[in-house]
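Below is one structure, written out as structure tokens, with a few remarks after it.
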Amino acid sequence: MVSHHDAVRDTAEFGLLRLVRVVALILPSAALIQVLASLHDYRQPAVAVAVWLAVLATAVWLAPRTLPDGLAGSEAAAAVLIAVAAVAAIGWVHRAHYPPGSVDLVILGTVWLLALVALSYPAWVWLSGALAVFAVHAALLIRALGANPLTLSQLEVVGYILVNVLIVFAALRPTLAVHTSMVTRRASLASRSRAERAAAAAVLDDRRSRLALLEMDALPLLRGIADGSVDPTADEVRERCARHAAALRHSLADRARRGGGLVAGLEPALQAARSRGLLVHVQVLGEPGALAPQVGHAVLATVGAVISALPPQQVVLTVLASRDRVELYMTFGQRPRIMPDVARFGREVPAAARWHARVTAEQTDVAGCLEISWVEGGVVDARH
């Protein structure tokens with residue numbers, strides 16, 4: 001199994017690897033072409049050609065090893081040593097009076113080696129390599145042309161090239177991580193949104209199918225009772241009527257009006273849940289009566305505390321009302337970030353209501369449930 005994050009990271013790193021390979025081949029090739037185009041500027045052209053061919057061979061060796069894990073310590077050290085050796089060799093065989101600006105290719109042809117190190121190691125490593133390359137190049141340049149304004153300006157250009165190129169490559173890896181995280185988050189949210197829309201559509205289709213079945217079976221039964229052809233006192237008829245009534249309640253269970261004041265009182269918590277990306281499916285079985293103010297406040301506070309601690313996910317809130325007993329269950333798939341103390345919300349509830357609330361979430365299982373129960377009129381089944 002490959003996660004969305006791994007897939008995005010692999011795709012981005014593949015693109016970065018292609019960039020590294022292109023840079024590692026183009027820059028030494030440009031320097032080699034410059035040597036071939038101006039052989040008279042070198043005391044030993046064969047040495048310069050051999051140096052750039054060796055740098056190209058190094059590109060074939062090191063570029064594929066840069067990602068995904070970065071260069072090994074020995075490979076990074078080899079990259080720095082090759083860059084220093086190449087700059088030293090080219091500077092040694094180059095004639096003193098070369099055209100201004102041509103020396104830049106010496107740095108451009110080797111700076112990518114330090115860029116590979118910048119992709120794999122902290123700043124102090126590649127800065128040390130850059131200082132070594134700059135020092136060797138500066139020593140050879142001053143030896144050839146002396147310390148004059150032209151030499152100093154060329155060294156300033158060299159330093160500018162080194163710093164800017166290496167900073168760009170050093171920033172690529174953190175930028176890649178942020179880009180991967182953002183793309184993964186966006187894909188996850190889009191996938192979750194599609195899943196939520198599909199779930200809502202499935203619920204509507206299921207409700208339509210249930211109502212269609214009720215229409216095919218229940219309406220003829222009601223017509224028979226109305227015209228006297230069916231005995232409403234018969235056990236079989238009463239059982240069918242009860243079954244159809246239960247099915248109808250279940251089909252309409254998630255409508256807030258079925259919960260009366262209870263679901264209406266929970267609307268602030270449900271609205272906050274929707275704003276945080278939680279999809280709460282409400283289903284009410286039975287007819288809960290009017291809530292005492294203390295019970296209503298306790299239910300809203302308890303549900304709100306648990307919802308505020310949950311990460312975005314789908315939540316099912318079920319209300320069961322049977323005679324004078326009301327039970328509320330809220331099931332969720334991912335554990336709360338912080339387990340709330342729900343018992344404290346019932347301190348103001350009258351003892352006659354027999355308030356009970358608890359949250360269960362197994363350590364080895366991501367599934368959890370909030371359970372709340374109370375009674376109307378002061379009678380309760382103490383099974384919790």
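Simple scheme: letters A, B, ... for chains in structure tokens order, numbers from 1 for residues in each chain, numbers from 1 for ligands in the order shown.
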
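Every residue of stretch 281-357 of chain A found in helix (DSSP H, G or I) when DSSP is run on the backbone appears here: Pro293, Gln294, Val295, Gly296, His297, Ala298, Val299, Leu300, Ala301, Thr302, Val303, Gly304, Ala305, Val306, Ile307, Ser308, Ala309, Val342, Ala343, Arg344, Phe345, Gly346, Ala351, Ala352 and Ala353 of chain A.
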
Those residues you just picked out, can you put them in a file as a PDB file, in the first residue's frame with C-alpha atoms?
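The resulting file, out.pdb, is shown below:
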ATOM      1  CA  PRO A 293     -33.111  23.236  30.952  1.00  0.00           C
ATOM      2  CA  GLN A 294     -30.370  21.604  33.030  1.00  0.00           C
ATOM      3  CA  VAL A 295     -30.524  18.400  30.958  1.00  0.00           C
ATOM      4  CA  GLY A 296     -30.521  20.362  27.680  1.00  0.00           C
ATOM      5  CA  HIS A 297     -27.462  22.364  28.726  1.00  0.00           C
ATOM      6  CA  ALA A 298     -25.637  19.219  29.855  1.00  0.00           C
ATOM      7  CA  VAL A 299     -26.383  17.351  26.605  1.00  0.00           C
ATOM      8  CA  LEU A 300     -25.243  20.292  24.459  1.00  0.00           C
ATOM      9  CA  ALA A 301     -22.054  20.804  26.503  1.00  0.00           C
ATOM     10  CA  THR A 302     -21.168  17.099  26.457  1.00  0.00           C
ATOM     11  CA  VAL A 303     -21.740  16.615  22.732  1.00  0.00           C
ATOM     12  CA  GLY A 304     -19.954  19.891  21.962  1.00  0.00           C
ATOM     13  CA  ALA A 305     -16.901  18.946  24.045  1.00  0.00           C
ATOM     14  CA  VAL A 306     -16.494  15.602  22.288  1.00  0.00           C
ATOM     15  CA  ILE A 307     -17.100  17.042  18.812  1.00  0.00           C
ATOM     16  CA  SER A 308     -14.540  19.816  19.387  1.00  0.00           C
ATOM     17  CA  ALA A 309     -11.907  17.183  20.263  1.00  0.00           C
ATOM     18  CA  VAL A 342     -17.780  14.386  30.150  1.00  0.00           C
ATOM     19  CA  ALA A 343     -18.875  13.495  33.688  1.00  0.00           C
ATOM     20  CA  ARG A 344     -18.404  17.093  34.857  1.00  0.00           C
ATOM     21  CA  PHE A 345     -21.154  18.391  32.562  1.00  0.00           C
ATOM     22  CA  GLY A 346     -23.840  16.557  34.558  1.00  0.00           C
ATOM     23  CA  ALA A 351     -30.522  13.656  40.651  1.00  0.00           C
ATOM     24  CA  ALA A 352     -34.006  12.521  39.608  1.00  0.00           C
ATOM     25  CA  ALA A 353     -32.924  12.597  35.951  1.00  0.00           C
TER      26      ALA A 353
END

Checklist entry - Near stretch 49-66 of chain A, within 8 Å and counting only C-alpha atoms, which residues show up once chain neighbours fewer than 2 positions away are dropped, as a PyMOL selection string? => result chain A and resi 17+20-21+24-25+28-29+31-32+35-36+45-47+68-71+75+82+86+89-90+110+116+119-120

Give me a file of those residues, with C-alpha atoms, as an mmCIF file, in the first residue's frame.
data_model
loop_
_atom_site.group_PDB
_atom_site.id
_atom_site.type_symbol
_atom_site.label_atom_id
_atom_site.label_comp_id
_atom_site.auth_asym_id
_atom_site.auth_seq_id
_atom_site.Cartn_x
_atom_site.Cartn_y
_atom_site.Cartn_z
ATOM 1 C CA LEU A 17 15.953 14.328 -9.897
ATOM 2 C CA VAL A 20 19.523 17.683 -11.084
ATOM 3 C CA ARG A 21 20.473 15.441 -14.000
ATOM 4 C CA ALA A 24 24.717 18.180 -13.966
ATOM 5 C CA LEU A 25 25.034 17.491 -17.708
ATOM 6 C CA PRO A 28 30.041 20.801 -17.537
ATOM 7 C CA SER A 29 29.127 20.355 -21.215
ATOM 8 C CA ALA A 31 32.401 24.474 -20.013
ATOM 9 C CA LEU A 32 33.804 21.737 -22.279
ATOM 10 C CA VAL A 35 37.422 24.956 -23.869
ATOM 11 C CA LEU A 36 37.121 23.431 -27.344
ATOM 12 C CA PRO A 45 44.189 22.099 -23.630
ATOM 13 C CA ALA A 46 44.229 18.321 -23.226
ATOM 14 C CA VAL A 47 44.241 18.728 -19.439
ATOM 15 C CA PRO A 68 15.621 10.015 -2.485
ATOM 16 C CA ASP A 69 17.983 9.457 0.464
ATOM 17 C CA GLY A 70 20.722 11.914 -0.447
ATOM 18 C CA LEU A 71 24.448 11.407 -0.942
ATOM 19 C CA GLU A 75 30.035 10.628 -1.922
ATOM 20 C CA ILE A 82 36.298 16.870 -7.347
ATOM 21 C CA ALA A 86 38.566 20.767 -11.196
ATOM 22 C CA ALA A 89 43.334 22.213 -12.608
ATOM 23 C CA ILE A 90 41.477 24.581 -14.939
ATOM 24 C CA THR A 110 31.545 22.774 -10.871
ATOM 25 C CA LEU A 116 24.197 18.013 -4.789
ATOM 26 C CA LEU A 119 20.370 18.835 -1.307
ATOM 27 C CA SER A 120 21.625 16.230 1.144
#

Next on the checklist: For a test of reading the model, state the distance in Å between atom CA of A:Val133 and atom CA of A:His40, rounded to one decimal.
Outcome noted: 25.0 Å
